[in-house]
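Student: This is the structure, below, for whatever I ask next.
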Protein chains: 2
Amino acid sequence: MGSTRDNIIEATRGLLELQGYYATGLNQIIEQSGAPRGSLYHYFPEGKEELTAEAVRWAGLAILDRIRQSLAEVEDPAEAVRAFVLQLALHVNASSCRGGAPITAVALETSGSSDRLNRACRDAYHSWQGAVRDKLASGGYESERASRLATHVIATIEGAVVLARTDRDVEALERVAEELAGYLRWAKSDNKGREGRDG
Amino acid sequence: MGSTRDNIIEATRGLLELQGYYATGLNQIIEQSGAPRGSLYHYFPEGKEELTAEAVRWAGLAILDRIRQSLAEVEDPAEAVRAFVLQLALHVNASSCRGGAPITAVALETSGSSDRLNRACRDAYHSWQGAVRDKLASGGYESERASRLATHVIATIEGAVVLARTDRDVEALERVAEELAGYLRWAKSDNKGREGRDG
DNA sequence: GTCTATACGGTGATAGAC
DNA sequence: GTCTATCACCGTATAGAC
């Protein structure tokens, strides 16, 4: 088990995933982490915003690891993405469809009010897109195309988690797993990305 | 201009889009709407949750209209979706990348805590998917396939708005506009949606 | 229908003992 | 480093006059 500081961050990360920023109170974080109340401002002198930024960074790195590891397990990029999304669907299902997008709520709640949190969320999303881009590039997709597809993949997954949580059903995730796999397979053979009108 | 009740709902809708549920206070709603303070609990006796549910419903219907209208303007479904996403990108840009997903934050914040708000969000998402599905179906896509693609389209758009707001840049939306158009065009010719292993 | 005043709980944050 | 007590504030919600 980790240090008190790590426990606080981990508890915060979990609550942000389930509830977002404003619904998550410091009291709740204390309670859930089991950390001493006085420790919070000892480790995070700037308070809730600093703690949240750290939790978002933490969550971003954890997901980045999951993405990289999952994608590395399957050679073909299209199949690898499908496998990752299905694995994510299991995770969402395991949380009774209440989790799965650890920073999306924070990103939307604070994009207009906190530069610090906005930056933290942006860094996470960029790192995820980078991991997907690298997988696609190393799998034979042209570099620029891989980058655009990576944005598409991450956006679709984010949105599918939102739908799954709202529906309390992972079907949306299962659908996009298949659609993304089919799309990436096609995009590899036709890597122009824009059609000729005479097609 | 509308009634006092409508003004309150409209102000709430706008604030939810920018900030989400918990960050939006009743005081702010009063101030922004210009409505008399006493009117709020007159029109919404059950308080903030009832008002929010109404605002979500309102937002859902407004977006549904925008989707239907936009899709109806272009005959080809793939091009129609592209045009809608680009139009949405303009809207997001016009809000300095601070708006564009009017109910996503609410959906994530309250999916685990309020059945009422959860239902309202779910209804909205379903109606949007239905509009896309109908457009695809009437454009020649097989019915079951149209439904799955519609989920994919809505998920991707939702996620792209999240990325755009976090990046404070609509590039993600512009990217998925092209990718979705390319994908839908391909999906129409190959309408199986799952590959045979025998290729 | 509208307005004012207020109750009451919970929030983030702080001070100072240990 | 940890803990307790407490702060000032803001949230939603309510009561009652007009």
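In the structure tokens, the first chain shown is A, the next is B, and so on; residue numbers restart at 1 for each chain, and ligands run from 1 in the order shown.
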Taking 2 positions as the minimum chain separation for residues in the same chain, which residues sit within 10 Å of DT2 (chain C) when counting only C-alpha atoms (C1' of nucleotides)? Answer as a list in words.
Tutor: Ala35, Pro36, Arg37, Gly38, Ser39 and His42 of chain B; DC18 of chain D
Student: Show which residues sit within 12 Å of Ile30 (chain A), as a ChimeraX atom specification. Count only C-alpha atoms (C1' of nucleotides), and ignore same-chain residues fewer than 3 positions away.
Tutor: /A:4-5,7-12,15,24-27,33-41,48
Student: Looking only at the backbone, which of the residues in region 25-171 of chain A does DSSP tag as alpha helix (DSSP H), as an mmCIF file with C-alpha atoms, in the first residue's frame?
Tutor:
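To be explicit, this is the file written out as out_28.cif:
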data_model
loop_
_atom_site.group_PDB
_atom_site.id
_atom_site.type_symbol
_atom_site.label_atom_id
_atom_site.label_comp_id
_atom_site.auth_asym_id
_atom_site.auth_seq_id
_atom_site.Cartn_x
_atom_site.Cartn_y
_atom_site.Cartn_z
ATOM 1 C CA LEU A 26 -12.777 17.302 0.751
ATOM 2 C CA ASN A 27 -14.645 15.620 3.588
ATOM 3 C CA GLN A 28 -15.526 12.778 1.283
ATOM 4 C CA ILE A 29 -11.926 12.479 0.178
ATOM 5 C CA ILE A 30 -10.738 12.316 3.772
ATOM 6 C CA GLU A 31 -13.310 9.718 4.641
ATOM 7 C CA GLN A 32 -12.669 7.530 1.610
ATOM 8 C CA SER A 33 -8.901 7.675 1.792
ATOM 9 C CA SER A 39 -2.594 15.763 6.151
ATOM 10 C CA LEU A 40 -4.553 17.128 3.246
ATOM 11 C CA TYR A 41 -3.324 20.686 3.434
ATOM 12 C CA HIS A 42 0.067 19.453 4.508
ATOM 13 C CA TYR A 43 0.573 17.612 1.234
ATOM 14 C CA LYS A 48 -8.532 21.282 -3.664
ATOM 15 C CA GLU A 49 -7.392 22.537 -7.034
ATOM 16 C CA GLU A 50 -3.823 21.358 -6.536
ATOM 17 C CA LEU A 51 -4.992 17.997 -5.255
ATOM 18 C CA THR A 52 -7.347 17.585 -8.185
ATOM 19 C CA ALA A 53 -4.665 18.491 -10.696
ATOM 20 C CA GLU A 54 -2.446 15.831 -9.205
ATOM 21 C CA ALA A 55 -5.268 13.276 -9.298
ATOM 22 C CA VAL A 56 -5.982 14.079 -12.934
ATOM 23 C CA ARG A 57 -2.323 13.676 -13.798
ATOM 24 C CA TRP A 58 -2.305 10.389 -11.905
ATOM 25 C CA ALA A 59 -5.408 9.161 -13.702
ATOM 26 C CA GLY A 60 -4.000 10.221 -17.052
ATOM 27 C CA LEU A 61 -0.813 8.248 -16.529
ATOM 28 C CA ALA A 62 -2.684 5.182 -15.306
ATOM 29 C CA ILE A 63 -4.896 5.165 -18.386
ATOM 30 C CA LEU A 64 -1.918 5.803 -20.613
ATOM 31 C CA ASP A 65 -0.318 2.666 -19.210
ATOM 32 C CA ARG A 66 -3.491 0.684 -19.775
ATOM 33 C CA ILE A 67 -3.710 1.894 -23.361
ATOM 34 C CA ARG A 68 -0.090 1.108 -24.139
ATOM 35 C CA GLN A 69 -0.180 -2.271 -22.496
ATOM 36 C CA SER A 70 -3.430 -3.273 -24.122
ATOM 37 C CA LEU A 71 -2.376 -2.111 -27.575
ATOM 38 C CA ALA A 72 0.960 -3.874 -27.258
ATOM 39 C CA PRO A 77 -3.722 -1.962 -34.718
ATOM 40 C CA ALA A 78 -7.383 -2.381 -35.612
ATOM 41 C CA GLU A 79 -7.720 -5.531 -33.543
ATOM 42 C CA ALA A 80 -5.699 -3.976 -30.751
ATOM 43 C CA VAL A 81 -8.054 -1.005 -30.530
ATOM 44 C CA ARG A 82 -11.028 -3.326 -30.529
ATOM 45 C CA ALA A 83 -9.515 -5.345 -27.707
ATOM 46 C CA PHE A 84 -8.796 -2.210 -25.684
ATOM 47 C CA VAL A 85 -12.325 -0.891 -26.026
ATOM 48 C CA LEU A 86 -13.802 -4.241 -25.038
ATOM 49 C CA GLN A 87 -11.503 -4.336 -22.034
ATOM 50 C CA LEU A 88 -12.702 -0.849 -21.154
ATOM 51 C CA ALA A 89 -16.282 -2.045 -21.480
ATOM 52 C CA LEU A 90 -15.535 -4.688 -18.865
ATOM 53 C CA HIS A 91 -14.123 -2.033 -16.580
ATOM 54 C CA VAL A 92 -17.173 0.169 -17.025
ATOM 55 C CA ASN A 93 -19.450 -2.780 -16.420
ATOM 56 C CA ALA A 94 -17.538 -3.698 -13.280
ATOM 57 C CA THR A 104 -14.150 13.860 -18.647
ATOM 58 C CA ALA A 105 -16.410 15.417 -16.055
ATOM 59 C CA VAL A 106 -13.537 17.466 -14.646
ATOM 60 C CA ALA A 107 -12.551 18.555 -18.135
ATOM 61 C CA LEU A 108 -16.029 19.872 -18.904
ATOM 62 C CA GLU A 109 -16.673 21.393 -15.487
ATOM 63 C CA THR A 110 -13.426 23.324 -15.341
ATOM 64 C CA ASP A 115 -6.320 26.905 -16.381
ATOM 65 C CA ARG A 116 -4.478 24.542 -14.128
ATOM 66 C CA LEU A 117 -7.064 21.769 -14.333
ATOM 67 C CA ASN A 118 -7.631 22.447 -17.998
ATOM 68 C CA ARG A 119 -3.955 21.893 -18.669
ATOM 69 C CA ALA A 120 -3.916 18.679 -16.655
ATOM 70 C CA CYS A 121 -6.838 17.262 -18.621
ATOM 71 C CA ARG A 122 -5.385 18.356 -21.922
ATOM 72 C CA ASP A 123 -2.063 16.699 -21.178
ATOM 73 C CA ALA A 124 -3.843 13.445 -20.398
ATOM 74 C CA TYR A 125 -5.885 13.458 -23.582
ATOM 75 C CA HIS A 126 -2.850 14.291 -25.688
ATOM 76 C CA SER A 127 -0.851 11.475 -24.158
ATOM 77 C CA TRP A 128 -3.620 9.005 -24.931
ATOM 78 C CA GLN A 129 -3.901 10.196 -28.505
ATOM 79 C CA GLY A 130 -0.134 9.918 -28.777
ATOM 80 C CA ALA A 131 -0.179 6.301 -27.665
ATOM 81 C CA VAL A 132 -2.803 5.405 -30.237
ATOM 82 C CA ARG A 133 -1.015 7.375 -32.925
ATOM 83 C CA ASP A 134 2.241 5.536 -32.229
ATOM 84 C CA LYS A 135 0.515 2.187 -32.413
ATOM 85 C CA LEU A 136 -1.077 3.076 -35.733
ATOM 86 C CA ALA A 137 2.146 4.517 -37.125
ATOM 87 C CA SER A 138 4.153 1.484 -36.150
ATOM 88 C CA SER A 143 2.134 9.416 -39.933
ATOM 89 C CA GLU A 144 -0.272 12.277 -40.499
ATOM 90 C CA ARG A 145 -3.147 9.883 -41.035
ATOM 91 C CA ALA A 146 -2.289 8.022 -37.842
ATOM 92 C CA SER A 147 -2.521 11.250 -35.904
ATOM 93 C CA ARG A 148 -5.962 12.118 -37.266
ATOM 94 C CA LEU A 149 -7.226 8.608 -36.682
ATOM 95 C CA ALA A 150 -5.938 8.662 -33.126
ATOM 96 C CA THR A 151 -8.004 11.753 -32.387
ATOM 97 C CA HIS A 152 -11.001 10.023 -33.868
ATOM 98 C CA VAL A 153 -10.428 6.887 -31.794
ATOM 99 C CA ILE A 154 -10.017 8.713 -28.491
ATOM 100 C CA ALA A 155 -13.018 10.944 -29.177
ATOM 101 C CA THR A 156 -15.204 7.974 -30.007
ATOM 102 C CA ILE A 157 -14.167 6.075 -26.911
ATOM 103 C CA GLU A 158 -14.758 9.087 -24.676
ATOM 104 C CA GLY A 159 -18.195 9.613 -26.137
ATOM 105 C CA ALA A 160 -19.087 5.952 -25.927
ATOM 106 C CA VAL A 161 -18.293 5.900 -22.218
ATOM 107 C CA VAL A 162 -20.584 8.874 -21.736
ATOM 108 C CA LEU A 163 -23.372 7.039 -23.540
ATOM 109 C CA ALA A 164 -22.699 3.811 -21.653
ATOM 110 C CA ARG A 165 -22.840 5.512 -18.278
ATOM 111 C CA THR A 166 -25.982 7.382 -19.226
ATOM 112 C CA ASP A 167 -27.629 4.206 -20.497
ATOM 113 C CA GLU A 171 -23.704 -1.643 -25.477
#
Student: Give one line per residue of chain D that approaches chain A to at most 12 Å, naming the two atoms of the closest pair and their distance in Å to one decimal, counting only C-alpha atoms (C1' of nucleotides); sort by chain then ascending residue number and deliver it as CSV.
Tutor:
residue,atom,partner,partner_atom,distance
D:DG1,C1',A:Ser39,CA,7.1
D:DT2,C1',A:Gly38,CA,5.8
D:DC3,C1',A:Gly38,CA,6.1
D:DT4,C1',A:Gly38,CA,9.1
D:DA5,C1',A:Gly38,CA,11.9
D:DG11,C1',A:Tyr22,CA,11.9
Student: Of the candidates C:DG16, C:DT6, C:DG1, C:DT11, which one gets nearest to chain B if we count only C-alpha atoms (C1' of nucleotides)?
Tutor: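 Among the listed residues, C:DG1 lies closest to chain B.
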Student: If we count only C-alpha atoms (C1' of nucleotides) and set the cut-off at 12 Å, which residues sit around DG9 (chain C), ignoring sequence neighbours fewer than 6 positions away in its own chain? Please answer as a count of residues only.
Tutor: 4
Student: Report the closest atom pair, with its distance in Å rounded to one decimal, for each residue of chain C that has an atom no farther than 10 Å from chain A; count only C-alpha atoms (C1' of nucleotides), sort by chain and then rising residue number, and write it as a Markdown table.
Tutor:
| residue | atom | partner | partner_atom | distance |
| --- | --- | --- | --- | --- |
| C:DG10 | C1' | A:Gly25 | CA | 9.3 |
| C:DT11 | C1' | A:Gly25 | CA | 7.5 |
| C:DG12 | C1' | A:Leu26 | CA | 7.7 |
| C:DA13 | C1' | A:Gly47 | CA | 8.0 |
| C:DT14 | C1' | A:Tyr41 | CA | 9.8 |
Student: By how many Å are CA of Glu75 (chain B) and CA of Val170 (chain B) apart?
Tutor: 25.4 Å
Student: Figure out the distance between CA of Ser113 (chain A) and CA of Arg168 (chain A), please, to one decimal in Å.
Tutor: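 Interatomic distance here is 29.5 Å.
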Student: Could you work out how far CA of Gly139 (chain A) lies from CA of Val74 (chain A), giving the answer in Å with one decimal?
Tutor: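 Result for CA of Val74 (chain A) versus CA of Gly139 (chain A): 10.7 Å, one decimal.
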Student: Check the smallest atom-to-atom distance from each of B:Gly112, B:Pro45, B:Pro102, B:Gly14 to chain A using only C-alpha atoms, then report the winner.
Tutor: B:Gly112
